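> Encoded as structure tokens, here's the structure I'll be asking about.
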Amino acid sequence: MAKEKYLDDISEIKELMNRSSRFISLSGLSGIMAGIYALVGAYYANNIIKNIEIESGFKRFVIAFNSAEKFLLIAVLVIVFAAGTCIVLTYKKSKRNGLKIWDVSSKKMLTNFLIPLVSGGIFCFAMFWNDVYEYIASTTLIFYGLACLNASKYTLGDVRYLGITIIVIGLISSFYIGYGLYFWALGFGLCHILYGTIMHFKYDRKRTKN
Amino acid sequence: MSIIININKLFDHRIRLGIMSILMVNESVDFNTLKELLDVTDGNLASHTKTLEKSNYIVVEKSFIGRKPNTKYKATRSGKAAFKKHIEALENLIKKQN
């Protein structure tokens, strides 16, 4: 019976260490949804590109000039939907587990996520400003990956591998200018779905069973 | 039975064990956060932090945020070392009995 008390102690230590330093309510399902939004967005963007190609006969990266606003709108919509779903599902999950959504660990996670992300956003805006469109796709991927990597110290460990995967995809895409959309679909779409599914089965399903 | 000696009596209590666990992985934690995480009353928490403070396992930093007093706790180097020893002892005991 003494042994049982020690086992309890150890699991209590682990639980408190995790709960006080990591934000564990991040929902896996929201990752899957973000991936689906990204794929839908990529599908529409691809349609726009195709239409322009047929109309003008120009090839991929020339197009960015006259349809930049449309692409921007799609990107903004995808981000708004993905972030919105993430907040709602994460809020639900934290409520189900009886945890707060806005506490020390979620604040830490968010600030560490936003620092690389905002830097990357400003950098992309500068490229937009200077009419340099070629590297925007790879830059968004690389900075988003870095943001995930940075935030992973304060949330579920799987986010770290999501970050690394997206950084690698971003780096590869910088060698294939003009195919940014496909790399976006791969990084923001498929990777989110893949890691979201892993996280969903690893944490969410288990939690609801208990 | 030399392992038993490493079991620290001070950590052999749920709340004190909890306080140390939290302070091991966070640079500093304020009173209210500790209270929330451990789900204890003010008086209860205060008496246990005092015990740990007396043994020099944690330090208290009192300051003001605006007009509100803010109390922060940090684990000392010796506190962290003692807690690590305690965890090792627990693990050894579990292994021995398996």
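Residues are named by chain letter and number: chains run A, B, ... in the order of the structure tokens, numbers start at 1 in each chain, and ligands are numbered from 1 in the order shown.
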Residues of chain B were defined as contacting chain A if any atom lay at most 10 Å from it, counting only C-alpha atoms; please report them as a PDB file with C-alpha atoms, in the first residue's frame.

```pdb
ATOM      1  CA  PHE B  11       7.710  16.501   0.614  1.00  0.00           C
ATOM      2  CA  ASP B  12       5.635  13.702   2.058  1.00  0.00           C
ATOM      3  CA  HIS B  13       2.523  15.849   1.897  1.00  0.00           C
ATOM      4  CA  ARG B  14       0.254  16.394  -1.082  1.00  0.00           C
ATOM      5  CA  LEU B  17       4.733  18.075  -3.069  1.00  0.00           C
ATOM      6  CA  GLY B  18       2.479  20.033  -5.434  1.00  0.00           C
ATOM      7  CA  ILE B  19       4.091  23.396  -4.679  1.00  0.00           C
ATOM      8  CA  MET B  20       7.556  21.985  -5.392  1.00  0.00           C
ATOM      9  CA  SER B  21       6.416  20.232  -8.595  1.00  0.00           C
ATOM     10  CA  ILE B  22       5.072  23.503  -9.964  1.00  0.00           C
ATOM     11  CA  LEU B  23       8.134  25.517  -8.948  1.00  0.00           C
ATOM     12  CA  MET B  24      10.482  22.963 -10.537  1.00  0.00           C
ATOM     13  CA  VAL B  25       9.217  23.785 -14.037  1.00  0.00           C
ATOM     14  CA  ASN B  26       8.323  27.475 -13.632  1.00  0.00           C
ATOM     15  CA  GLU B  27      10.758  30.260 -12.904  1.00  0.00           C
ATOM     16  CA  VAL B  29       4.693  31.476  -9.646  1.00  0.00           C
ATOM     17  CA  THR B  33      -1.824  30.727  -9.507  1.00  0.00           C
ATOM     18  CA  LEU B  34      -0.558  28.221  -6.943  1.00  0.00           C
ATOM     19  CA  GLU B  36      -5.775  27.659  -8.403  1.00  0.00           C
ATOM     20  CA  LEU B  37      -3.495  24.871  -9.564  1.00  0.00           C
ATOM     21  CA  LEU B  38      -3.571  23.084  -6.224  1.00  0.00           C
ATOM     22  CA  ILE B  87      11.790  11.895  -6.798  1.00  0.00           C
ATOM     23  CA  ALA B  89      14.014   7.908  -3.982  1.00  0.00           C
ATOM     24  CA  LEU B  90      10.353   7.462  -4.902  1.00  0.00           C
ATOM     25  CA  GLU B  91      11.280   5.908  -8.228  1.00  0.00           C
ATOM     26  CA  LEU B  93      11.222   2.439  -4.041  1.00  0.00           C
ATOM     27  CA  ILE B  94       8.702   1.648  -6.765  1.00  0.00           C
ATOM     28  CA  LYS B  95      11.294  -0.255  -8.776  1.00  0.00           C
ATOM     29  CA  LYS B  96      12.488  -2.214  -5.738  1.00  0.00           C
ATOM     30  CA  GLN B  97       9.020  -3.425  -4.884  1.00  0.00           C
ATOM     31  CA  ASN B  98       8.120  -4.486  -8.388  1.00  0.00           C
TER      32      ASN B  98
END
```
> What lies within 8 Å of Tyr195 of chain A using only C-alpha atoms, ignoring chain neighbours under 2 positions off, as an MDAnalysis selection string?
chainID A and resid 28 31:32 158:159 162 191:193 197:199
> Name all residues at most 6 Å from segment 58-73 of chain B (count only C-alpha atoms; drop same-chain ones fewer than 4 positions away) and give them as an mmCIF file with N, CA and C atoms, in the first residue's frame.

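Saved to result.cif:
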```
data_model
loop_
_atom_site.group_PDB
_atom_site.id
_atom_site.type_symbol
_atom_site.label_atom_id
_atom_site.label_comp_id
_atom_site.auth_asym_id
_atom_site.auth_seq_id
_atom_site.Cartn_x
_atom_site.Cartn_y
_atom_site.Cartn_z
ATOM 1 N N SER B 28 9.014 31.429 -11.688
ATOM 2 C CA SER B 28 8.369 31.910 -10.469
ATOM 3 C C SER B 28 6.863 31.854 -10.666
ATOM 4 N N VAL B 29 6.150 31.623 -9.571
ATOM 5 C CA VAL B 29 4.693 31.476 -9.646
ATOM 6 C C VAL B 29 4.073 32.298 -8.524
ATOM 7 N N ASP B 30 2.996 33.033 -8.821
ATOM 8 C CA ASP B 30 2.407 33.842 -7.755
ATOM 9 C C ASP B 30 1.398 33.036 -6.925
ATOM 10 N N PHE B 31 1.036 33.631 -5.793
ATOM 11 C CA PHE B 31 0.193 32.951 -4.810
ATOM 12 C C PHE B 31 -1.119 32.452 -5.416
ATOM 13 N N LEU B 52 8.023 25.386 3.702
ATOM 14 C CA LEU B 52 9.065 25.203 2.693
ATOM 15 C C LEU B 52 10.070 26.356 2.733
ATOM 16 N N GLU B 53 9.562 27.542 3.041
ATOM 17 C CA GLU B 53 10.434 28.710 3.101
ATOM 18 C C GLU B 53 11.426 28.586 4.265
#
```
> Show me, as an MDAnalysis selection string, the residues that have an atom within 7 Å of Gly79 of chain B when counting only C-alpha atoms, minus same-chain residues fewer than 3 positions from it.
chainID B and resid 56:58 75:76 82:83
> Using DSSP on the backbone coordinates, identify the residues of segment 59-195 of chain A assigned to alpha helix (DSSP H); present them as a PDB file with C-alpha atoms, in the first residue's frame.

```
ATOM      1  CA  ALA A  64       0.374  37.662 -58.726  1.00  0.00           C
ATOM      2  CA  PHE A  65       0.217  41.312 -59.870  1.00  0.00           C
ATOM      3  CA  ASN A  66      -3.354  41.581 -61.024  1.00  0.00           C
ATOM      4  CA  SER A  67      -5.004  39.083 -58.710  1.00  0.00           C
ATOM      5  CA  ALA A  68      -3.104  39.764 -55.513  1.00  0.00           C
ATOM      6  CA  GLU A  69      -6.231  41.057 -53.737  1.00  0.00           C
ATOM      7  CA  LYS A  70      -8.191  37.861 -54.431  1.00  0.00           C
ATOM      8  CA  PHE A  71      -5.398  35.684 -53.086  1.00  0.00           C
ATOM      9  CA  LEU A  72      -5.085  37.908 -50.069  1.00  0.00           C
ATOM     10  CA  LEU A  73      -8.810  37.594 -49.395  1.00  0.00           C
ATOM     11  CA  ILE A  74      -8.647  33.799 -49.576  1.00  0.00           C
ATOM     12  CA  ALA A  75      -5.653  33.761 -47.253  1.00  0.00           C
ATOM     13  CA  VAL A  76      -7.360  36.042 -44.727  1.00  0.00           C
ATOM     14  CA  LEU A  77     -10.557  33.958 -44.807  1.00  0.00           C
ATOM     15  CA  VAL A  78      -8.609  30.730 -44.246  1.00  0.00           C
ATOM     16  CA  ILE A  79      -6.717  32.251 -41.303  1.00  0.00           C
ATOM     17  CA  VAL A  80      -9.886  33.700 -39.718  1.00  0.00           C
ATOM     18  CA  PHE A  81     -11.797  30.423 -40.011  1.00  0.00           C
ATOM     19  CA  ALA A  82      -8.861  28.323 -38.794  1.00  0.00           C
ATOM     20  CA  ALA A  83      -8.116  30.568 -35.806  1.00  0.00           C
ATOM     21  CA  GLY A  84     -11.822  30.866 -34.955  1.00  0.00           C
ATOM     22  CA  THR A  85     -12.356  27.107 -35.002  1.00  0.00           C
ATOM     23  CA  CYS A  86      -9.202  26.597 -32.959  1.00  0.00           C
ATOM     24  CA  ILE A  87     -10.366  29.027 -30.263  1.00  0.00           C
ATOM     25  CA  VAL A  88     -13.883  27.520 -30.059  1.00  0.00           C
ATOM     26  CA  LEU A  89     -12.744  23.864 -29.963  1.00  0.00           C
ATOM     27  CA  THR A  90      -9.906  24.576 -27.548  1.00  0.00           C
ATOM     28  CA  TYR A  91     -12.297  26.476 -25.301  1.00  0.00           C
ATOM     29  CA  LYS A  92     -14.667  23.493 -25.304  1.00  0.00           C
ATOM     30  CA  LYS A  93     -11.878  21.058 -24.556  1.00  0.00           C
ATOM     31  CA  SER A  94     -10.530  23.113 -21.658  1.00  0.00           C
ATOM     32  CA  LYS A  95     -14.030  23.393 -20.218  1.00  0.00           C
ATOM     33  CA  ARG A  96     -14.536  19.646 -20.488  1.00  0.00           C
ATOM     34  CA  VAL A 104      -0.211  31.363 -17.439  1.00  0.00           C
ATOM     35  CA  SER A 105       0.479  28.449 -19.792  1.00  0.00           C
ATOM     36  CA  SER A 106      -1.794  29.590 -22.615  1.00  0.00           C
ATOM     37  CA  LYS A 107      -0.374  33.121 -22.399  1.00  0.00           C
ATOM     38  CA  LYS A 108       3.161  31.746 -22.595  1.00  0.00           C
ATOM     39  CA  MET A 109       2.226  29.526 -25.523  1.00  0.00           C
ATOM     40  CA  LEU A 110       0.546  32.344 -27.415  1.00  0.00           C
ATOM     41  CA  THR A 111       3.311  34.933 -26.972  1.00  0.00           C
ATOM     42  CA  ASN A 112       5.932  32.413 -28.024  1.00  0.00           C
ATOM     43  CA  PHE A 113       3.840  31.468 -31.039  1.00  0.00           C
ATOM     44  CA  LEU A 114       3.183  35.057 -32.071  1.00  0.00           C
ATOM     45  CA  ILE A 115       6.744  36.402 -31.941  1.00  0.00           C
ATOM     46  CA  PRO A 116       8.055  34.432 -34.973  1.00  0.00           C
ATOM     47  CA  LEU A 117       4.653  34.574 -36.661  1.00  0.00           C
ATOM     48  CA  VAL A 118       4.317  38.361 -36.525  1.00  0.00           C
ATOM     49  CA  SER A 119       7.949  38.805 -37.604  1.00  0.00           C
ATOM     50  CA  GLY A 120       7.253  36.572 -40.600  1.00  0.00           C
ATOM     51  CA  GLY A 121       4.044  38.447 -41.342  1.00  0.00           C
ATOM     52  CA  ILE A 122       5.813  41.797 -41.379  1.00  0.00           C
ATOM     53  CA  PHE A 123       8.589  40.374 -43.537  1.00  0.00           C
ATOM     54  CA  CYS A 124       6.037  39.028 -46.035  1.00  0.00           C
ATOM     55  CA  PHE A 125       4.303  42.380 -46.055  1.00  0.00           C
ATOM     56  CA  ALA A 126       7.627  43.997 -46.911  1.00  0.00           C
ATOM     57  CA  MET A 127       8.044  41.592 -49.840  1.00  0.00           C
ATOM     58  CA  PHE A 128       4.528  42.394 -50.985  1.00  0.00           C
ATOM     59  CA  TRP A 129       5.356  46.086 -50.666  1.00  0.00           C
ATOM     60  CA  ILE A 136       6.245  34.673 -50.033  1.00  0.00           C
ATOM     61  CA  ALA A 137       5.021  31.060 -49.984  1.00  0.00           C
ATOM     62  CA  SER A 138       8.248  29.652 -48.576  1.00  0.00           C
ATOM     63  CA  THR A 139       8.620  32.530 -46.095  1.00  0.00           C
ATOM     64  CA  THR A 140       5.119  32.034 -44.656  1.00  0.00           C
ATOM     65  CA  LEU A 141       5.765  28.309 -44.280  1.00  0.00           C
ATOM     66  CA  ILE A 142       9.178  28.737 -42.653  1.00  0.00           C
ATOM     67  CA  PHE A 143       8.030  31.378 -40.161  1.00  0.00           C
ATOM     68  CA  TYR A 144       4.858  29.463 -39.304  1.00  0.00           C
ATOM     69  CA  GLY A 145       6.971  26.371 -38.690  1.00  0.00           C
ATOM     70  CA  LEU A 146       9.292  28.375 -36.453  1.00  0.00           C
ATOM     71  CA  ALA A 147       6.273  29.727 -34.568  1.00  0.00           C
ATOM     72  CA  CYS A 148       5.017  26.173 -33.929  1.00  0.00           C
ATOM     73  CA  LEU A 149       8.482  25.064 -32.881  1.00  0.00           C
ATOM     74  CA  ASN A 150       8.745  27.971 -30.443  1.00  0.00           C
ATOM     75  CA  ALA A 151       5.261  27.452 -28.987  1.00  0.00           C
ATOM     76  CA  ASP A 158       3.615  17.015 -31.108  1.00  0.00           C
ATOM     77  CA  VAL A 159       3.450  20.679 -32.170  1.00  0.00           C
ATOM     78  CA  ARG A 160       7.253  20.599 -32.270  1.00  0.00           C
ATOM     79  CA  TYR A 161       7.246  17.967 -35.020  1.00  0.00           C
ATOM     80  CA  LEU A 162       4.516  19.800 -36.914  1.00  0.00           C
ATOM     81  CA  GLY A 163       6.771  22.881 -36.813  1.00  0.00           C
ATOM     82  CA  ILE A 164       9.857  21.018 -38.033  1.00  0.00           C
ATOM     83  CA  THR A 165       7.914  19.363 -40.876  1.00  0.00           C
ATOM     84  CA  ILE A 166       6.546  22.706 -42.054  1.00  0.00           C
ATOM     85  CA  ILE A 167       9.980  24.378 -41.882  1.00  0.00           C
ATOM     86  CA  VAL A 168      11.400  21.609 -44.102  1.00  0.00           C
ATOM     87  CA  ILE A 169       8.526  21.969 -46.584  1.00  0.00           C
ATOM     88  CA  GLY A 170       9.084  25.755 -46.617  1.00  0.00           C
ATOM     89  CA  LEU A 171      12.792  25.342 -47.303  1.00  0.00           C
ATOM     90  CA  ILE A 172      12.166  22.887 -50.124  1.00  0.00           C
ATOM     91  CA  SER A 173       9.559  25.216 -51.629  1.00  0.00           C
ATOM     92  CA  GLY A 180       4.114  27.863 -53.780  1.00  0.00           C
ATOM     93  CA  LEU A 181       0.439  26.975 -53.795  1.00  0.00           C
ATOM     94  CA  TYR A 182       1.161  23.238 -53.883  1.00  0.00           C
ATOM     95  CA  PHE A 183       3.613  23.567 -51.002  1.00  0.00           C
ATOM     96  CA  TRP A 184       1.059  25.629 -49.107  1.00  0.00           C
ATOM     97  CA  HIS A 192      -2.269  20.081 -40.166  1.00  0.00           C
ATOM     98  CA  ILE A 193      -4.662  17.247 -40.951  1.00  0.00           C
ATOM     99  CA  LEU A 194      -1.962  14.638 -40.251  1.00  0.00           C
ATOM    100  CA  TYR A 195      -0.765  16.090 -36.949  1.00  0.00           C
TER     101      TYR A 195
END
```
> Could you state the separation of atom CA of Gly196 of chain A and atom CA of Tyr154 of chain A in Å, given to one decimal place?
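Separation of atom CA of Gly196 of chain A and atom CA of Tyr154 of chain A: 17.2 Å.
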> Which neighbours of Leu45 of chain B fall inside 8 Å, counting only C-alpha atoms, when residues of the same chain fewer than 5 positions from it are skipped, and could you give them as an NGL selection string?
:B and (15 or 35 or 40)
> Hey, can you spit out that residue selection with N, CA and C atoms as a PDB file, in the first residue's frame?

```
ATOM      1  N   ILE B  15       0.201  18.799  -0.640  1.00  0.00           N
ATOM      2  CA  ILE B  15       0.279  20.202  -1.054  1.00  0.00           C
ATOM      3  C   ILE B  15       1.722  20.664  -1.221  1.00  0.00           C
ATOM      4  N   LYS B  35      -2.629  28.688  -5.820  1.00  0.00           N
ATOM      5  CA  LYS B  35      -3.893  28.361  -5.172  1.00  0.00           C
ATOM      6  C   LYS B  35      -4.837  27.661  -6.160  1.00  0.00           C
ATOM      7  N   VAL B  40      -6.554  24.780  -3.211  1.00  0.00           N
ATOM      8  CA  VAL B  40      -6.510  24.828  -1.745  1.00  0.00           C
ATOM      9  C   VAL B  40      -6.940  26.209  -1.258  1.00  0.00           C
TER      10      VAL B  40
END
```
> Extract the full set of strand (DSSP E) residues from chain B according to DSSP on the backbone, and format it as an mmCIF file with C-alpha atoms, in the first residue's frame.

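As a result, out-v2.cif now contains:
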```
data_model
loop_
_atom_site.group_PDB
_atom_site.id
_atom_site.type_symbol
_atom_site.label_atom_id
_atom_site.label_comp_id
_atom_site.auth_asym_id
_atom_site.auth_seq_id
_atom_site.Cartn_x
_atom_site.Cartn_y
_atom_site.Cartn_z
ATOM 1 C CA VAL B 29 4.693 31.476 -9.646
ATOM 2 C CA ASP B 30 2.407 33.842 -7.755
ATOM 3 C CA ILE B 58 11.686 28.207 -1.701
ATOM 4 C CA VAL B 59 12.015 31.992 -1.536
ATOM 5 C CA VAL B 60 9.250 34.558 -1.382
ATOM 6 C CA GLU B 61 9.276 37.817 -3.296
ATOM 7 C CA LYS B 62 6.737 40.415 -2.275
ATOM 8 C CA SER B 63 5.983 43.330 -4.551
ATOM 9 C CA PHE B 64 3.135 45.558 -5.659
ATOM 10 C CA ILE B 65 1.307 45.536 -8.952
ATOM 11 C CA LYS B 68 -2.327 45.182 -5.140
ATOM 12 C CA PRO B 69 0.250 43.191 -3.235
ATOM 13 C CA ASN B 70 1.739 40.372 -5.260
ATOM 14 C CA THR B 71 3.535 37.423 -3.733
ATOM 15 C CA LYS B 72 5.774 35.287 -5.902
ATOM 16 C CA TYR B 73 7.481 32.048 -5.061
ATOM 17 C CA LYS B 74 10.660 30.571 -6.472
ATOM 18 C CA ALA B 75 12.410 27.289 -5.786
#
```
